file work-v6.txt (compact mmCIF, C-alpha atoms)
# COMPACT_ATOMS: atom_id res chain seq x y z
CA MET A 1 14.75 -3.06 9.22
CA SER A 2 12.25 -5.28 11.01
CA LYS A 3 10.15 -3.91 13.84
CA ARG A 4 10.91 -4.86 17.42
CA ASP A 5 8.38 -6.75 19.47
CA TYR A 6 6.04 -4.34 21.32
CA TYR A 7 6.37 -6.25 24.60
CA GLU A 8 10.15 -6.13 24.25
CA ILE A 9 10.05 -2.36 23.69
CA LEU A 10 8.08 -1.78 26.91
CA GLU A 11 10.04 -4.49 28.74
CA VAL A 12 6.94 -6.35 29.95
CA SER A 13 5.67 -9.91 29.70
CA LYS A 14 2.91 -10.89 27.27
CA ASP A 15 0.43 -11.28 30.12
CA ALA A 16 1.10 -7.80 31.51
CA SER A 17 -1.95 -6.04 32.96
CA PRO A 18 -3.13 -2.62 31.69
CA GLU A 19 -1.67 -0.98 34.78
CA GLU A 20 1.69 -2.69 34.21
CA LEU A 21 1.66 -1.50 30.59
CA LYS A 22 0.96 2.06 31.69
CA LYS A 23 3.79 2.02 34.23
CA ALA A 24 6.17 0.50 31.70
CA TYR A 25 5.26 3.11 29.09
CA ARG A 26 5.67 5.91 31.61
CA LYS A 27 9.13 4.62 32.44
CA GLN A 28 10.21 4.48 28.77
CA ALA A 29 8.65 7.84 27.90
CA ILE A 30 10.35 9.57 30.82
CA LYS A 31 13.67 7.98 29.92
CA PHE A 32 13.57 9.02 26.26
CA HIS A 33 11.44 12.18 26.49
CA PRO A 34 12.74 15.01 24.24
CA ASP A 35 12.96 17.41 27.18
CA LYS A 36 15.49 15.09 28.85
CA ASN A 37 17.35 14.30 25.61
CA PRO A 38 17.51 17.52 23.59
CA GLY A 39 18.86 17.01 20.08
CA LYS A 40 19.26 13.24 20.43
CA LYS A 41 17.64 11.58 17.42
CA ASP A 42 18.06 8.08 18.84
CA ALA A 43 16.15 9.01 21.99
CA GLU A 44 13.36 10.59 19.93
CA ASP A 45 13.04 7.41 17.84
CA LYS A 46 12.78 5.30 20.98
CA PHE A 47 10.21 7.71 22.42
CA LYS A 48 8.10 7.26 19.26
CA GLU A 49 8.66 3.50 19.34
CA ALA A 50 7.38 3.28 22.92
CA ALA A 51 4.35 5.41 21.99
CA GLU A 52 3.51 3.05 19.14
CA ALA A 53 3.85 -0.02 21.35
CA TYR A 54 1.64 1.46 24.07
CA GLU A 55 -0.95 2.67 21.53
CA VAL A 56 -1.45 -0.93 20.33
CA LEU A 57 -1.10 -2.86 23.60
CA SER A 58 -3.30 -0.51 25.61
CA ASP A 59 -6.20 -1.19 23.24
CA GLN A 60 -7.76 -4.59 23.98
CA ASN A 61 -8.84 -5.29 20.39
CA LYS A 62 -5.55 -4.17 18.85
CA ARG A 63 -3.60 -6.14 21.44
CA GLN A 64 -5.58 -9.30 20.65
CA ARG A 65 -4.90 -8.93 16.92
CA TYR A 66 -1.22 -8.20 17.58
CA ASP A 67 -0.88 -11.29 19.77
CA GLN A 68 -2.42 -13.38 16.98
CA TYR A 69 -0.89 -11.87 13.85
CA GLY A 70 2.05 -9.80 15.03
CA HIS A 71 2.77 -6.48 13.30
CA ALA A 72 0.82 -7.59 10.20
CA GLY A 73 -2.41 -7.71 12.17
CA SER A 74 -2.05 -4.65 14.38
CA GLY A 75 -3.34 -2.34 11.66
CA ASN A 76 -1.04 0.37 12.98
CA GLY A 77 0.56 2.87 10.66
CA GLY A 78 3.39 3.26 13.14
CA PHE A 79 4.61 6.25 15.09
CA GLY A 80 8.13 4.93 15.03
CA GLY A 81 8.02 4.46 11.28
CA GLY A 82 7.70 8.18 10.70
CA GLY A 83 3.93 8.24 10.20
CA MET A 84 3.47 10.57 13.16
CA ASN A 85 5.67 13.38 14.46
CA MET A 86 6.23 14.41 18.06
CA GLU A 87 3.35 16.88 18.10
CA ASP A 88 1.01 14.20 16.75
CA ILE A 89 2.00 11.89 19.59
CA PHE A 90 1.30 14.55 22.21
CA SER A 91 -2.05 15.23 20.53
CA HIS A 92 -2.92 11.54 20.18
CA PHE A 93 -2.16 10.87 23.84
CA GLY A 94 -3.86 14.02 25.08
CA ASP A 95 -5.03 12.38 28.30
CA ILE A 96 -1.47 11.32 29.08
CA PHE A 97 0.50 14.41 28.08
CA GLY A 98 -2.21 16.98 28.62
CA GLY A 99 -2.23 16.54 32.40
CA GLY A 100 -4.94 16.64 35.01
CA GLY A 101 -6.65 13.30 34.39
CA GLY A 102 -6.63 10.36 36.74
CA ASN A 103 -5.17 8.20 33.97
CA ASP A 104 -2.24 10.54 33.43
CA PRO A 105 0.98 8.69 34.28
CA PHE A 106 3.07 11.79 33.43
CA SER A 107 1.26 14.44 35.42
CA SER A 108 3.55 14.28 38.42
CA PHE A 109 6.69 14.28 36.33
CA PHE A 110 5.92 16.91 33.71
CA GLY A 111 3.83 19.20 35.89
CA GLY A 112 0.69 18.74 33.78
CA GLY A 113 2.31 19.99 30.58
CA GLY A 114 3.59 16.70 29.29
CA GLY A 115 6.51 18.50 27.64
CA ARG A 116 4.20 19.99 25.05
CA ARG A 117 5.79 22.94 23.30
CA GLY A 118 3.60 23.68 20.29
CA LYS A 119 0.11 24.52 19.13
CA THR A 120 -2.68 22.05 19.69
CA VAL A 121 -3.24 19.90 16.63
CA ASN A 122 -6.86 18.82 16.35
CA ARG A 123 -7.32 15.21 15.35
CA GLY A 124 -10.30 13.79 13.48
CA SER A 125 -11.97 10.63 14.73
CA ASN A 126 -11.36 7.25 13.14
CA LEU A 127 -13.92 5.59 10.90
CA ARG A 128 -14.67 1.86 10.90
CA VAL A 129 -16.02 -0.02 7.91
CA LYS A 130 -16.56 -3.69 7.11
CA VAL A 131 -15.55 -5.10 3.74
CA LYS A 132 -16.78 -8.50 2.52
CA LEU A 133 -14.33 -10.55 0.46
CA THR A 134 -14.66 -13.77 -1.50
CA LEU A 135 -12.02 -16.46 -1.17
CA GLU A 136 -10.75 -15.61 -4.65
CA GLU A 137 -10.28 -11.97 -3.65
CA ILE A 138 -8.45 -13.03 -0.50
CA ALA A 139 -6.22 -15.35 -2.53
CA HIS A 140 -5.06 -12.71 -5.00
CA GLY A 141 -5.63 -9.40 -3.25
CA VAL A 142 -8.13 -6.86 -4.52
CA GLU A 143 -8.85 -3.17 -4.82
CA LYS A 144 -12.27 -2.12 -3.53
CA LYS A 145 -14.02 1.22 -3.90
CA ILE A 146 -16.37 2.13 -1.08
CA LYS A 147 -18.53 5.17 -0.42
CA VAL A 148 -18.09 6.55 3.10
CA ASN A 149 -20.17 9.14 4.94
CA LYS A 150 -17.75 11.28 6.89
CA TYR A 151 -16.65 14.75 7.93
CA LEU A 152 -14.81 16.51 5.10
CA SER A 153 -12.65 19.60 5.17
CA CYS A 154 -14.75 22.66 4.30
CA ASN A 155 -13.90 23.85 0.79
CA THR A 156 -15.21 27.36 1.41
CA CYS A 157 -12.70 28.22 4.13
CA LYS A 158 -10.13 25.54 3.21
CA GLY A 159 -10.70 23.87 6.58
CA THR A 160 -9.64 26.89 8.64
CA GLY A 161 -13.11 27.70 10.01
CA ALA A 162 -12.50 31.39 9.25
CA LYS A 163 -14.47 33.33 6.66
CA GLY A 164 -12.37 33.72 3.53
CA GLY A 165 -9.76 31.47 5.11
CA SER A 166 -8.03 34.39 6.80
CA SER A 167 -10.45 35.98 9.29
CA TYR A 168 -8.49 35.29 12.43
CA ASN A 169 -5.95 36.97 14.68
CA THR A 170 -3.00 35.69 16.64
CA CYS A 171 -4.01 34.86 20.19
CA SER A 172 -2.93 37.69 22.48
CA THR A 173 -2.67 35.44 25.53
CA CYS A 174 -0.10 32.98 24.18
CA ARG A 175 1.11 35.12 21.26
CA GLY A 176 0.44 32.32 18.82
CA THR A 177 2.42 29.62 20.60
CA GLY A 178 -0.63 27.69 21.83
CA HIS A 179 0.71 27.39 25.36
CA VAL A 180 1.39 29.52 28.38
CA SER A 181 4.02 29.09 31.06
CA ARG A 182 4.13 30.04 34.69
CA VAL A 183 6.77 29.92 37.39
CA THR A 184 5.88 28.72 40.87
CA SER A 185 7.99 28.56 44.01
CA THR A 186 8.34 25.21 45.77
CA PHE A 187 10.53 23.89 48.55
CA LEU A 188 12.82 22.62 45.77
CA GLY A 189 13.06 26.09 44.28
CA GLN A 190 11.34 27.72 41.35
CA MET A 191 9.68 25.41 38.84
CA GLN A 192 8.24 26.29 35.45
CA THR A 193 5.15 24.51 34.17
CA THR A 194 3.54 24.76 30.75
CA GLN A 195 -0.11 24.30 29.90
CA THR A 196 -2.50 24.71 26.98
CA CYS A 197 -3.56 28.29 26.42
CA PRO A 198 -7.07 28.70 27.91
CA ASN A 199 -7.96 31.53 25.52
CA CYS A 200 -7.41 29.80 22.14
CA GLY A 201 -7.53 26.19 23.27
CA GLY A 202 -3.93 25.67 22.16
CA GLU A 203 -4.50 26.66 18.52
CA GLY A 204 -2.54 29.90 18.73
CA GLN A 205 -5.16 31.98 16.92
CA ILE A 206 -8.68 33.32 17.39
CA ILE A 207 -11.28 33.35 14.60
CA THR A 208 -12.74 36.83 14.18
CA ASP A 209 -15.33 36.00 11.52
CA LYS A 210 -16.55 32.39 11.23
CA CYS A 211 -17.18 30.64 7.94
CA THR A 212 -20.94 30.45 7.41
CA ASP A 213 -20.82 27.05 5.67
CA CYS A 214 -19.12 25.16 8.51
CA ALA A 215 -19.98 27.52 11.40
CA GLY A 216 -16.29 27.94 12.17
CA ASN A 217 -15.57 24.23 12.62
CA GLY A 218 -13.64 23.78 9.40
CA VAL A 219 -15.48 20.53 8.57
CA ILE A 220 -18.80 19.63 6.95
CA LYS A 221 -20.70 16.36 6.54
CA GLY A 222 -20.36 14.69 3.17
CA GLU A 223 -19.35 11.49 1.43
CA GLU A 224 -16.20 10.27 -0.26
CA VAL A 225 -15.40 7.34 -2.53
CA ILE A 226 -12.23 5.70 -1.24
CA SER A 227 -10.13 3.09 -3.05
CA ILE A 228 -8.86 0.41 -0.69
CA ARG A 229 -6.04 -1.89 -1.74
CA ILE A 230 -6.42 -5.12 0.24
CA PRO A 231 -3.38 -7.44 0.18
CA ALA A 232 -3.62 -11.17 -0.43
CA GLY A 233 -3.87 -13.42 2.61
CA VAL A 234 -6.10 -11.40 4.91
CA SER A 235 -8.52 -13.30 7.14
CA GLU A 236 -11.83 -12.96 8.95
CA GLY A 237 -11.74 -10.27 11.64
CA MET A 238 -8.39 -8.81 10.57
CA GLN A 239 -8.26 -5.02 10.61
CA LEU A 240 -6.36 -2.85 8.15
CA SER A 241 -5.73 0.86 8.51
CA MET A 242 -5.54 3.75 6.03
CA GLY A 243 -3.98 6.79 7.63
CA GLY A 244 -5.72 10.11 7.08
CA LYS A 245 -8.84 8.62 5.47
CA GLY A 246 -11.06 8.99 8.53
CA ASN A 247 -13.00 12.09 9.59
CA ALA A 248 -11.39 15.42 8.83
CA ALA A 249 -10.25 17.35 11.89
CA ALA A 250 -11.53 20.73 13.00
CA ARG A 251 -9.73 23.77 11.65
CA GLY A 252 -7.03 22.10 9.60
CA GLY A 253 -5.94 19.40 12.02
CA VAL A 254 -4.86 15.83 11.33
CA ALA A 255 -7.55 13.59 9.83
CA GLY A 256 -8.36 10.31 11.57
CA ASP A 257 -7.77 6.87 10.10
CA LEU A 258 -10.04 4.55 8.18
CA LEU A 259 -10.14 1.15 9.90
CA ILE A 260 -11.18 -1.68 7.60
CA GLN A 261 -12.45 -4.91 9.15
CA ILE A 262 -12.35 -7.99 6.93
CA GLU A 263 -15.34 -10.30 6.54
CA GLU A 264 -14.97 -13.55 4.60
CA VAL A 265 -17.77 -14.82 2.38
CA GLY A 266 -18.18 -18.60 2.63
CA HIS A 267 -17.06 -20.61 -0.41
CA GLU A 268 -19.21 -23.28 -2.03
CA LYS A 269 -16.31 -25.68 -2.57
CA PHE A 270 -13.51 -24.91 -0.13
CA ASP A 271 -13.14 -24.54 3.62
CA ARG A 272 -10.26 -22.51 4.99
CA ASP A 273 -7.80 -23.57 7.69
CA GLY A 274 -5.27 -20.77 8.06
CA ASN A 275 -3.49 -20.59 4.71
CA ASN A 276 -4.57 -24.11 3.76
CA LEU A 277 -7.69 -24.94 1.78
CA LEU A 278 -9.77 -28.06 2.46
CA TYR A 279 -11.73 -29.87 -0.23
CA ASP A 280 -13.83 -33.07 -0.09
CA HIS A 281 -13.73 -35.17 -3.26
CA TYR A 282 -16.12 -38.10 -3.60
CA ILE A 283 -15.07 -41.19 -5.53
CA SER A 284 -16.97 -44.35 -6.41
CA PHE A 285 -16.25 -47.75 -4.91
CA SER A 286 -14.83 -48.91 -8.24
CA GLU A 287 -12.51 -45.87 -8.46
CA ALA A 288 -11.26 -46.50 -4.93
CA THR A 289 -10.64 -50.17 -5.75
CA LEU A 290 -9.22 -49.91 -9.27
CA GLY A 291 -7.63 -46.46 -9.09
CA GLY A 292 -7.84 -43.76 -11.71
CA ALA A 293 -7.59 -40.02 -12.15
CA ALA A 294 -9.77 -37.07 -11.19
CA GLU A 295 -10.01 -33.36 -11.98
CA ILE A 296 -9.91 -31.21 -8.87
CA PRO A 297 -10.74 -27.49 -8.58
CA THR A 298 -8.21 -25.14 -6.98
CA ILE A 299 -8.39 -21.44 -6.27
CA ASP A 300 -6.47 -20.82 -9.53
CA GLY A 301 -8.12 -23.39 -11.82
CA LYS A 302 -8.41 -27.14 -12.21
CA VAL A 303 -5.69 -29.78 -11.81
CA LYS A 304 -5.58 -33.54 -12.25
CA ILE A 305 -4.74 -35.93 -9.44
CA LYS A 306 -4.00 -39.65 -9.42
CA ILE A 307 -6.11 -42.04 -7.33
CA ASP A 308 -4.14 -45.11 -6.33
CA PRO A 309 -5.74 -48.57 -6.46
CA GLY A 310 -6.99 -49.64 -3.05
CA THR A 311 -7.57 -46.09 -1.80
CA GLN A 312 -9.30 -46.03 1.58
CA SER A 313 -12.09 -43.57 2.37
CA GLY A 314 -10.74 -40.55 4.25
CA LYS A 315 -7.31 -40.60 2.65
CA VAL A 316 -5.92 -37.07 2.42
CA LEU A 317 -3.86 -35.84 -0.52
CA ARG A 318 -1.84 -32.66 -0.33
CA LEU A 319 -1.17 -30.32 -3.23
CA LYS A 320 1.67 -28.07 -2.09
CA GLY A 321 1.38 -24.38 -2.78
CA LYS A 322 -2.24 -24.58 -3.94
CA GLY A 323 -3.59 -22.80 -0.88
CA LEU A 324 -3.57 -19.11 0.08
CA THR A 325 -0.69 -16.68 0.28
CA SER A 326 0.10 -15.56 3.82
CA ILE A 327 -0.36 -11.90 4.65
CA ASN A 328 2.59 -9.97 3.15
CA GLY A 329 3.95 -13.30 1.89
CA TYR A 330 6.10 -13.94 4.97
CA GLU A 331 5.11 -17.59 5.34
CA GLY A 332 4.74 -18.55 1.69
CA LYS A 333 1.66 -20.26 0.30
CA GLY A 334 -0.50 -22.82 2.01
CA ASP A 335 -1.59 -26.17 0.57
CA LEU A 336 -4.76 -27.70 -0.79
CA LEU A 337 -5.77 -30.74 1.30
CA ILE A 338 -8.06 -33.15 -0.53
CA SER A 339 -10.07 -35.69 1.45
CA LEU A 340 -11.05 -38.70 -0.68
CA ILE A 341 -14.45 -39.99 0.40
CA ILE A 342 -15.98 -43.13 -1.03
CA PHE A 343 -19.53 -42.46 -2.14
CA THR A 344 -22.08 -45.03 -0.93
CA PRO A 345 -25.39 -45.15 -2.87
CA LYS A 346 -28.56 -45.23 -0.76
CA THR A 347 -30.58 -47.36 -3.21
CA LEU A 348 -29.58 -50.29 -5.42
CA SER A 349 -31.15 -52.19 -8.28
CA LYS A 350 -31.61 -55.96 -7.95
CA GLU A 351 -28.66 -56.59 -10.25
CA GLU A 352 -26.38 -54.22 -8.30
CA LYS A 353 -27.43 -55.73 -5.01
CA ALA A 354 -26.75 -59.26 -6.27
CA ILE A 355 -23.29 -58.27 -7.50
CA LEU A 356 -22.37 -56.64 -4.17
CA GLU A 357 -23.68 -59.60 -2.17
CA LYS A 358 -21.52 -61.90 -4.24
CA LEU A 359 -18.50 -59.65 -3.76
CA GLY A 360 -19.21 -59.37 -0.04
CA ASN A 361 -18.77 -63.12 0.34
CA SER A 362 -15.29 -62.92 -1.13
CA ASP A 363 -12.48 -62.89 1.43
CA ASN A 364 -10.72 -60.19 -0.58
CA PHE A 365 -13.57 -57.76 0.11
CA LYS A 366 -13.68 -58.35 3.85
CA PRO A 367 -11.91 -55.67 5.98
CA SER A 368 -9.26 -57.98 7.37
CA GLY A 369 -5.71 -56.80 7.96
CA VAL A 370 -6.75 -53.15 8.22
CA ASP A 371 -4.82 -51.10 10.76
CA ARG A 372 -7.81 -49.99 12.84
CA GLU A 373 -5.65 -47.69 14.99
CA LYS A 374 -4.96 -45.45 12.05
CA ASN A 375 -7.89 -43.10 12.49
CA ILE A 376 -8.40 -39.86 10.60
CA PHE A 377 -6.34 -37.86 13.11
CA SER A 378 -3.39 -40.22 12.77
CA ARG A 379 -3.58 -40.02 8.99
CA MET A 380 -3.64 -36.22 9.11
CA LYS A 381 -0.60 -36.26 11.38
CA ASP A 382 1.24 -38.55 8.96
CA LEU A 383 0.32 -36.20 6.13
CA PHE A 384 1.91 -33.14 7.73
CA GLU A 385 5.02 -35.08 8.72
CA GLN A 386 5.76 -35.99 5.11

call {"tool": "encode", "arguments": {"input": "work-v6.txt", "output": "structure tokens"}}
result
Amino acid sequence: MSKRDYYEILEVSKDASPEELKKAYRKQAIKFHPDKNPGKKDAEDKFKEAAEAYEVLSDQNKRQRYDQYGHAGSGNGGFGGGGMNMEDIFSHFGDIFGGGGGNDPFSSFFGGGGGRRGKTVNRGSNLRVKVKLTLEEIAHGVEKKIKVNKYLSCNTCKGTGAKGGSSYNTCSTCRGTGHVSRVTSTFLGQMQTTQTCPNCGGEGQIITDKCTDCAGNGVIKGEEVISIRIPAGVSEGMQLSMGGKGNAAARGGVAGDLLIQIEEVGHEKFDRDGNNLLYDHYISFSEATLGGAAEIPTIDGKVKIKIDPGTQSGKVLRLKGKGLTSINGYEGKGDLLISLIIFTPKTLSKEEKAILEKLGNSDNFKPSGVDREKNIFSRMKDLFEQ
């Protein structure tokens, strides 16, 4: 099932301001919040869907990539797709659901608790890396192995932060739930609010004896070799995401993501225009006049093309399907556009000069009858309308 448009989900226009996005998200989250729709799977899915849309559109860089490439370019694993559960969403949007901050659009509705009903799940930070790709690697896709310096889960305590992996007690304040509730009287009657337990920080347990290797944090600095499978058709500046490959989280939480930014290495023969490849092929004056054949490089090998007699400099030939595959293959393959350019020598021998002077006096070699209005832009337009 195809994903819905993020702007459609939040019911906003594509030029919506950050404040409009926040208000729209607040409206959707309140409407489909689990506390208002207990047991309704459809409402939960829409709540996750709205969270995913806001997560992308509220980030300027992600929004720009989404506007340009759609879902393929957002680099988002997807809350709505099942990659993140409800607790993860509350943790990810801590400033929104945690309450108290000036940017909290839910604080007045959920009383600062945001509907949170479980232990705090620590989340590791994301890592960003740049990967350089040749045009050949972009054309066919590639698997890269990179070494990343990052926070790793502590092997000694298995990421718990507790010595021996079990030196902790259940928090006596929240009794292991990670939250505490209180009832206050208002002019509307009694209201119950829920907040993160101040004693354990929402984790539900207290470490009694810290691991000496990680000092109770559950993570240590190290390095990891990560295999990255990059699909065909990516482009300069595009960002991919690998869930859970970022920094490990404190005390057994959810690891962050690895964000991979693509850098293209310039090619010695081809220029890129979207999924199309551009190639300049030089021919001699005699080839342009008499016609012939030529061998042309492509991204997959060499092919032969026919040069018609009377070819004009700047003529563009198109080899369909000899370009690059679009990301995920949605748009098929691009083309190879070959510009035929007549080579003009800078120096001539006496014999060559005499021959050309003689030819230049012939009416057949004078540029009469040429459609001067057909410039390069017109010829390119004609090419794509074929």

call {"tool": "atom_distance", "arguments": {"input": "work-v6.txt", "atom1": "CA of Leu340 (chain A)", "atom2": "CA of Arg272 (chain A)"}}
result
17.2 Å

call {"tool": "closest_residue", "arguments": {"input": "work-v6.txt", "among": "A:Asn275, A:Thr193, A:Thr160, A:Thr134", "to": "Val219 (chain A)", "atoms": "only C-alpha atoms"}}
result
A:Thr160

call {"tool": "closest_residue", "arguments": {"input": "work-v6.txt", "among": "A:Ser286, A:Thr298, A:Asn217, A:Gln64", "to": "Lys158 (chain A)", "atoms": "all atoms listed in the file"}}
result
A:Asn217

call {"tool": "atom_distance", "arguments": {"input": "work-v6.txt", "atom1": "CA of Ile296 (chain A)", "atom2": "CA of Glu331 (chain A)"}}
result
24.8 Å

call {"tool": "atom_distance", "arguments": {"input": "work-v6.txt", "atom1": "CA of Leu135 (chain A)", "atom2": "CA of Asp280 (chain A)"}}
result
16.7 Å

call {"tool": "closest_residue", "arguments": {"input": "work-v6.txt", "among": "A:Lys27, A:Lys346, A:Lys150, A:Lys132", "to": "Lys245 (chain A)", "atoms": "only C-alpha atoms"}}
result
A:Lys150

call {"tool": "residues_around", "arguments": {"input": "work-v6.txt", "residues": "Met242 (chain A)", "least_positions_apart": "4", "cutoff": "7 Å", "atoms": "all atoms listed in the file", "output": "PyMOL selection string"}}
result
chain A and resi 257-259

call {"tool": "residues_around", "arguments": {"input": "work-v6.txt", "residues": "region 11-25 of chain A", "least_positions_apart": "5", "cutoff": "12 Å", "atoms": "all atoms listed in the file", "output": "PDB file with C-alpha atoms, in the frame of the given file"}}
result
ATOM      1  CA  ARG A   4      10.910  -4.860  17.420  1.00  0.00           C
ATOM      2  CA  ASP A   5       8.380  -6.750  19.470  1.00  0.00           C
ATOM      3  CA  TYR A   6       6.040  -4.340  21.320  1.00  0.00           C
ATOM      4  CA  ILE A  30      10.350   9.570  30.820  1.00  0.00           C
ATOM      5  CA  LYS A  31      13.670   7.980  29.920  1.00  0.00           C
ATOM      6  CA  PHE A  32      13.570   9.020  26.260  1.00  0.00           C
ATOM      7  CA  HIS A  33      11.440  12.180  26.490  1.00  0.00           C
ATOM      8  CA  LYS A  46      12.780   5.300  20.980  1.00  0.00           C
ATOM      9  CA  PHE A  47      10.210   7.710  22.420  1.00  0.00           C
ATOM     10  CA  LYS A  48       8.100   7.260  19.260  1.00  0.00           C
ATOM     11  CA  GLU A  49       8.660   3.500  19.340  1.00  0.00           C
ATOM     12  CA  ALA A  50       7.380   3.280  22.920  1.00  0.00           C
ATOM     13  CA  ALA A  51       4.350   5.410  21.990  1.00  0.00           C
ATOM     14  CA  GLU A  52       3.510   3.050  19.140  1.00  0.00           C
ATOM     15  CA  ALA A  53       3.850  -0.020  21.350  1.00  0.00           C
ATOM     16  CA  TYR A  54       1.640   1.460  24.070  1.00  0.00           C
ATOM     17  CA  GLU A  55      -0.950   2.670  21.530  1.00  0.00           C
ATOM     18  CA  VAL A  56      -1.450  -0.930  20.330  1.00  0.00           C
ATOM     19  CA  LEU A  57      -1.100  -2.860  23.600  1.00  0.00           C
ATOM     20  CA  SER A  58      -3.300  -0.510  25.610  1.00  0.00           C
ATOM     21  CA  ASP A  59      -6.200  -1.190  23.240  1.00  0.00           C
ATOM     22  CA  GLN A  60      -7.760  -4.590  23.980  1.00  0.00           C
ATOM     23  CA  ARG A  63      -3.600  -6.140  21.440  1.00  0.00           C
ATOM     24  CA  GLN A  64      -5.580  -9.300  20.650  1.00  0.00           C
ATOM     25  CA  TYR A  66      -1.220  -8.200  17.580  1.00  0.00           C
ATOM     26  CA  ASP A  67      -0.880 -11.290  19.770  1.00  0.00           C
ATOM     27  CA  GLN A  68      -2.420 -13.380  16.980  1.00  0.00           C
ATOM     28  CA  PHE A  93      -2.160  10.870  23.840  1.00  0.00           C
ATOM     29  CA  ILE A  96      -1.470  11.320  29.080  1.00  0.00           C
ATOM     30  CA  ASN A 103      -5.170   8.200  33.970  1.00  0.00           C
ATOM     31  CA  ASP A 104      -2.240  10.540  33.430  1.00  0.00           C
ATOM     32  CA  PRO A 105       0.980   8.690  34.280  1.00  0.00           C
ATOM     33  CA  PHE A 106       3.070  11.790  33.430  1.00  0.00           C
TER      34      PHE A 106
END

call {"tool": "closest_residue", "arguments": {"input": "work-v6.txt", "among": "A:Ile338, A:Pro34, A:Gly70, A:Lys144", "to": "Ile226 (chain A)", "atoms": "all atoms listed in the file"}}
result
A:Lys144

call {"tool": "closest_residue", "arguments": {"input": "work-v6.txt", "among": "A:Val303, A:Glu143, A:Thr196, A:Ser153", "to": "Ile228 (chain A)", "atoms": "all atoms listed in the file"}}
result
A:Glu143

call {"tool": "closest_residue", "arguments": {"input": "work-v6.txt", "among": "A:Leu348, A:Leu277, A:Ala250, A:Leu127", "to": "Gly216 (chain A)", "atoms": "only C-alpha atoms"}}
result
A:Ala250

call {"tool": "residues_around", "arguments": {"input": "work-v6.txt", "residues": "Gln192 (chain A)", "least_positions_apart": "5", "cutoff": "7 Å", "atoms": "all atoms listed in the file", "output": "count of residues only"}}
result
4

call {"tool": "residues_near_point", "arguments": {"input": "work-v6.txt", "point": "(-17.2, 5.8, 3.3)", "cutoff": "8 Å", "atoms": "only C-alpha atoms", "output": "NGL selection string"}}
result
:A and (129 or 146-150 or 223-226)

call {"tool": "residues_around", "arguments": {"input": "work-v6.txt", "residues": "Val254 (chain A)", "least_positions_apart": "5", "cutoff": "8 Å", "atoms": "only C-alpha atoms", "output": "number ranges by chain"}}
result
A: 121-124, 244, 248-249

call {"tool": "write_last_selection", "arguments": {"input": "work-v6.txt", "atoms": "C-alpha atoms", "output": "short mmCIF file (atom, residue, chain, number, x, y, z; two decimals), keeping the file's coordinate frame"}}
result
data_model
loop_
_atom_site.label_atom_id
_atom_site.label_comp_id
_atom_site.auth_asym_id
_atom_site.auth_seq_id
_atom_site.Cartn_x
_atom_site.Cartn_y
_atom_site.Cartn_z
CA VAL A 121 -3.24 19.90 16.63
CA ASN A 122 -6.86 18.82 16.35
CA ARG A 123 -7.32 15.21 15.35
CA GLY A 124 -10.30 13.79 13.48
CA GLY A 244 -5.72 10.11 7.08
CA ALA A 248 -11.39 15.42 8.83
CA ALA A 249 -10.25 17.35 11.89
#

call {"tool": "residues_around", "arguments": {"input": "work-v6.txt", "residues": "region 355-357 of chain A", "least_positions_apart": "5", "cutoff": "12 Å", "atoms": "all atoms listed in the file", "output": "PyMOL selection string"}}
result
chain A and resi 285-286+345+348-350+362+365-366
